[in-house]
Amino acid sequence: MLKKQSAHRSMAVACGRSCTYVVAEEGRVLVSGSGEHGQLGLGDREDRLRMTPLAGDFAVRVVMVSSGWGHSALVDSDGELWMCGRGDYGQLGTGGREDMLTPTRVPKWRLGGARVTMAACGYVHTLVATETGGVWAFGRGHLGPLGTGDEDDRTTPTEV
């Protein structure tokens, strides 16, 4: 039997390879599971067996989450995209290949200046939809999951 940990209603959930994100009604984020690459966004690589609040300097209202193979995406109420975790193929969209242990904002100018409405994390790639109808892809391009017409990795968002 599961023990209820809070009276908050959840409005979004996401499960990655071995981590879970829950967004409560007020935008509070709870995480659990593997922190191997920092995908929990808690500033370390520790595993969490219980739901743990994402806190500290990350004080935005999250409305949407997605999690892949060691990386996670969060979209806030202002349409900003935040990424954390494994970055070796550029799947965080930050321009580098480093792991990010806390949520790191991807500037809107990298996404055509538009608000993000949705993000989806794949194995080692990410796709993002914007309110203007744009779709942006970044990460590993092997076998074509980015939809860019080639198999090149992208460390920054590329419009599809």
# chains A, B, ... in the order shown; residues from 1 in each chain; ligands from 1
call {"tool": "residues_around", "arguments": {"residues": "A:Glu159", "least_positions_apart": "3", "cutoff": "8 Å", "atoms": "only C-alpha atoms", "output": "list in words"}}
result
Leu111, Gly134, Val135, Trp136 and Ala137 of chain A
call {"tool": "residues_around", "arguments": {"residues": "A:Thr117", "least_positions_apart": "3", "cutoff": "10 Å", "atoms": "only C-alpha atoms", "output": "PyMOL selection string"}}
result
chain A and resi 63-64+75-81+114+128-133
call {"tool": "atom_distance", "arguments": {"atom1": "atom CA of A:Arg110", "atom2": "atom CA of A:Glu151"}}
result
20.5 Å
call {"tool": "atom_distance", "arguments": {"atom1": "atom CA of A:Gly35", "atom2": "atom CA of A:Arg105"}}
result
19.1 Å
call {"tool": "closest_residue", "arguments": {"among": "A:Ala73, A:Cys84, A:Val60, A:Leu49", "to": "A:Val13", "atoms": "only C-alpha atoms"}}
result
A:Ala73
call {"tool": "closest_residue", "arguments": {"among": "A:His125, A:Arg86, A:Arg45, A:Arg28", "to": "A:Met100", "atoms": "only C-alpha atoms"}}
result
A:Arg86
call {"tool": "residues_around", "arguments": {"residues": "A:Gly16", "least_positions_apart": "5", "cutoff": "9 Å", "atoms": "only C-alpha atoms", "output": "PyMOL selection string"}}
result
chain A and resi 21+66-72+121-122
call {"tool": "write_last_selection", "arguments": {"atoms": "N, CA, C and O atoms", "output": "mmCIF file, in the first residue's frame"}}
result
data_model
loop_
_atom_site.group_PDB
_atom_site.id
_atom_site.type_symbol
_atom_site.label_atom_id
_atom_site.label_comp_id
_atom_site.auth_asym_id
_atom_site.auth_seq_id
_atom_site.Cartn_x
_atom_site.Cartn_y
_atom_site.Cartn_z
ATOM 1 N N TYR A 21 9.132 12.052 -12.046
ATOM 2 C CA TYR A 21 8.809 13.442 -11.738
ATOM 3 C C TYR A 21 7.307 13.546 -11.516
ATOM 4 O O TYR A 21 6.526 12.971 -12.277
ATOM 5 N N SER A 66 9.171 16.010 -18.680
ATOM 6 C CA SER A 66 9.462 14.825 -19.470
ATOM 7 C C SER A 66 10.814 14.309 -19.015
ATOM 8 O O SER A 66 11.654 15.083 -18.550
ATOM 9 N N SER A 67 11.024 13.022 -19.131
ATOM 10 C CA SER A 67 12.297 12.458 -18.715
ATOM 11 C C SER A 67 12.693 11.340 -19.664
ATOM 12 O O SER A 67 11.850 10.569 -20.115
ATOM 13 N N GLY A 68 13.986 11.286 -19.988
ATOM 14 C CA GLY A 68 14.496 10.282 -20.922
ATOM 15 C C GLY A 68 15.483 9.358 -20.243
ATOM 16 O O GLY A 68 15.329 8.991 -19.087
ATOM 17 N N TRP A 69 16.533 9.017 -20.948
ATOM 18 C CA TRP A 69 17.583 8.123 -20.457
ATOM 19 C C TRP A 69 18.641 8.968 -19.769
ATOM 20 O O TRP A 69 19.695 9.255 -20.323
ATOM 21 N N GLY A 70 18.342 9.439 -18.574
ATOM 22 C CA GLY A 70 19.319 10.209 -17.824
ATOM 23 C C GLY A 70 19.221 11.713 -17.989
ATOM 24 O O GLY A 70 20.084 12.438 -17.516
ATOM 25 N N HIS A 71 18.194 12.209 -18.664
ATOM 26 C CA HIS A 71 17.996 13.655 -18.742
ATOM 27 C C HIS A 71 16.517 13.981 -18.609
ATOM 28 O O HIS A 71 15.664 13.139 -18.870
ATOM 29 N N SER A 72 16.256 15.201 -18.150
ATOM 30 C CA SER A 72 14.877 15.617 -17.895
ATOM 31 C C SER A 72 14.640 17.029 -18.401
ATOM 32 O O SER A 72 15.559 17.852 -18.438
ATOM 33 N N CYS A 121 11.447 14.070 -23.975
ATOM 34 C CA CYS A 121 12.796 13.504 -23.914
ATOM 35 C C CYS A 121 12.752 12.086 -24.450
ATOM 36 O O CYS A 121 11.950 11.271 -23.996
ATOM 37 N N GLY A 122 13.636 11.795 -25.396
ATOM 38 C CA GLY A 122 13.786 10.442 -25.898
ATOM 39 C C GLY A 122 14.982 9.784 -25.233
ATOM 40 O O GLY A 122 15.413 10.198 -24.145
#
call {"tool": "residues_around", "arguments": {"residues": "A:Arg154", "least_positions_apart": "6", "cutoff": "6 Å", "atoms": "only C-alpha atoms", "output": "CSV table (one decimal) with N, CA, C and O atoms, in the first residue's frame"}}
result
chain,number,residue,atom,x,y,z
A,90,GLY,N,24.4,16.3,-26.3
A,90,GLY,CA,23.8,17.6,-26.5
A,90,GLY,C,22.3,17.6,-26.2
A,90,GLY,O,21.7,18.6,-26.6
A,138,PHE,N,17.2,18.5,-30.5
A,138,PHE,CA,18.6,18.5,-30.1
A,138,PHE,C,19.0,17.2,-29.4
A,138,PHE,O,18.1,16.4,-28.9
A,139,GLY,N,20.3,16.8,-29.5
A,139,GLY,CA,20.8,15.6,-28.9
A,139,GLY,C,21.4,14.7,-30.0
A,139,GLY,O,21.8,15.1,-31.0
call {"tool": "select_by_dssp", "arguments": {"residues": "stretch 20-65 of chain A", "states": "strand (DSSP E)", "output": "VMD selection string"}}
result
chain A and resid 20 to 24 29 to 33 48 to 53 62 to 65
call {"tool": "write_last_selection", "arguments": {"atoms": "C-alpha atoms", "output": "JSON list (two decimals), in the first residue's frame"}}
result
[["chain", "number", "residue", "atom", "x", "y", "z"],
["A", 20, "THR", "CA", 10.05, 9.84, -11.72],
["A", 21, "TYR", "CA", 8.81, 13.44, -11.74],
["A", 22, "VAL", "CA", 5.51, 14.59, -10.25],
["A", 23, "VAL", "CA", 4.24, 18.16, -10.63],
["A", 24, "ALA", "CA", 1.72, 19.20, -8.00],
["A", 29, "VAL", "CA", 8.03, 19.42, -8.33],
["A", 30, "LEU", "CA", 8.77, 16.13, -6.57],
["A", 31, "VAL", "CA", 11.38, 13.66, -7.85],
["A", 32, "SER", "CA", 12.59, 10.16, -7.04],
["A", 33, "GLY", "CA", 14.80, 7.46, -8.50],
["A", 48, "ARG", "CA", 16.33, 9.14, -4.01],
["A", 49, "LEU", "CA", 14.03, 6.35, -2.81],
["A", 50, "ARG", "CA", 11.32, 8.78, -1.65],
["A", 51, "MET", "CA", 9.72, 11.68, -3.44],
["A", 52, "THR", "CA", 11.96, 14.68, -2.79],
["A", 53, "PRO", "CA", 11.02, 18.31, -3.49],
["A", 62, "VAL", "CA", 6.39, 23.99, -13.52],
["A", 63, "VAL", "CA", 3.49, 22.97, -15.75],
["A", 64, "MET", "CA", 5.00, 20.11, -17.80],
["A", 65, "VAL", "CA", 7.80, 17.53, -17.41]]
call {"tool": "closest_residue", "arguments": {"among": "A:Gly85, A:Leu127, A:Asp99, A:Arg9", "to": "A:Ser34", "atoms": "only C-alpha atoms"}}
result
A:Gly85
call {"tool": "atom_distance", "arguments": {"atom1": "atom CA of A:Gly93", "atom2": "atom CA of A:Thr156"}}
result
4.4 Å
call {"tool": "closest_residue", "arguments": {"among": "A:Val124, A:Leu54, A:Ala59, A:Val160", "to": "A:Gly87", "atoms": "only C-alpha atoms"}}
result
A:Val124
call {"tool": "closest_residue", "arguments": {"among": "A:Lys108, A:His37, A:Arg115, A:Arg61", "to": "A:Ser18", "atoms": "only C-alpha atoms"}}
result
A:His37
call {"tool": "decode", "arguments": {"residues": "stretch 50-81 of chain A", "atoms": "N, CA and C atoms", "output": "short mmCIF file (atom, residue, chain, number, x, y, z; two decimals), in the first residue's frame"}}
result
data_model
loop_
_atom_site.label_atom_id
_atom_site.label_comp_id
_atom_site.auth_asym_id
_atom_site.auth_seq_id
_atom_site.Cartn_x
_atom_site.Cartn_y
_atom_site.Cartn_z
N ARG A 50 12.59 8.11 -1.97
CA ARG A 50 11.32 8.78 -1.65
C ARG A 50 11.19 10.04 -2.49
N MET A 51 9.95 10.42 -2.73
CA MET A 51 9.72 11.68 -3.44
C MET A 51 10.39 12.81 -2.67
N THR A 52 11.19 13.59 -3.38
CA THR A 52 11.96 14.68 -2.79
C THR A 52 11.63 15.96 -3.53
N PRO A 53 11.34 17.06 -2.81
CA PRO A 53 11.02 18.31 -3.49
C PRO A 53 12.22 18.90 -4.22
N LEU A 54 11.98 19.38 -5.41
CA LEU A 54 12.97 20.13 -6.17
C LEU A 54 12.88 21.55 -5.63
N ALA A 55 13.93 22.00 -4.97
CA ALA A 55 13.85 23.28 -4.26
C ALA A 55 15.09 24.10 -4.54
N GLY A 56 15.48 24.88 -3.56
CA GLY A 56 16.66 25.73 -3.68
C GLY A 56 16.38 26.93 -4.57
N ASP A 57 17.30 27.21 -5.48
CA ASP A 57 17.18 28.37 -6.36
C ASP A 57 16.13 28.16 -7.45
N PHE A 58 15.65 26.93 -7.61
CA PHE A 58 14.68 26.64 -8.65
C PHE A 58 13.29 26.96 -8.13
N ALA A 59 12.88 28.19 -8.30
CA ALA A 59 11.62 28.67 -7.75
C ALA A 59 10.67 29.12 -8.86
N VAL A 60 10.41 28.24 -9.82
CA VAL A 60 9.48 28.56 -10.89
C VAL A 60 8.29 27.61 -10.79
N ARG A 61 7.20 27.99 -11.40
CA ARG A 61 6.00 27.14 -11.41
C ARG A 61 6.06 26.25 -12.64
N VAL A 62 6.27 24.96 -12.43
CA VAL A 62 6.39 23.99 -13.52
C VAL A 62 5.01 23.52 -13.93
N VAL A 63 4.79 23.42 -15.24
CA VAL A 63 3.49 22.97 -15.75
C VAL A 63 3.60 21.68 -16.56
N MET A 64 4.83 21.29 -16.95
CA MET A 64 5.00 20.11 -17.80
C MET A 64 6.39 19.53 -17.58
N VAL A 65 6.50 18.20 -17.58
CA VAL A 65 7.80 17.53 -17.41
C VAL A 65 7.92 16.37 -18.38
N SER A 66 9.17 16.01 -18.68
CA SER A 66 9.46 14.83 -19.47
C SER A 66 10.81 14.31 -19.01
N SER A 67 11.02 13.02 -19.13
CA SER A 67 12.30 12.46 -18.71
C SER A 67 12.69 11.34 -19.66
N GLY A 68 13.99 11.29 -19.99
CA GLY A 68 14.50 10.28 -20.92
C GLY A 68 15.48 9.36 -20.24
N TRP A 69 16.53 9.02 -20.95
CA TRP A 69 17.58 8.12 -20.46
C TRP A 69 18.64 8.97 -19.77
N GLY A 70 18.34 9.44 -18.57
CA GLY A 70 19.32 10.21 -17.82
C GLY A 70 19.22 11.71 -17.99
N HIS A 71 18.19 12.21 -18.66
CA HIS A 71 18.00 13.66 -18.74
C HIS A 71 16.52 13.98 -18.61
N SER A 72 16.26 15.20 -18.15
CA SER A 72 14.88 15.62 -17.89
C SER A 72 14.64 17.03 -18.40
N ALA A 73 13.40 17.29 -18.79
CA ALA A 73 12.98 18.61 -19.27
C ALA A 73 11.80 19.09 -18.43
N LEU A 74 11.81 20.36 -18.09
CA LEU A 74 10.71 20.98 -17.36
C LEU A 74 10.31 22.24 -18.11
N VAL A 75 9.03 22.48 -18.21
CA VAL A 75 8.51 23.70 -18.82
C VAL A 75 7.78 24.47 -17.74
N ASP A 76 8.11 25.76 -17.60
CA ASP A 76 7.46 26.55 -16.55
C ASP A 76 6.29 27.35 -17.10
N SER A 77 5.57 28.01 -16.22
CA SER A 77 4.36 28.74 -16.59
C SER A 77 4.63 29.94 -17.50
N ASP A 78 5.89 30.35 -17.61
CA ASP A 78 6.27 31.43 -18.52
C ASP A 78 6.73 30.90 -19.88
N GLY A 79 6.63 29.59 -20.08
CA GLY A 79 7.06 29.01 -21.35
C GLY A 79 8.57 28.86 -21.48
N GLU A 80 9.25 28.86 -20.36
CA GLU A 80 10.71 28.65 -20.37
C GLU A 80 11.00 27.16 -20.28
N LEU A 81 12.06 26.73 -20.96
CA LEU A 81 12.50 25.35 -20.93
C LEU A 81 13.70 25.21 -20.00
#
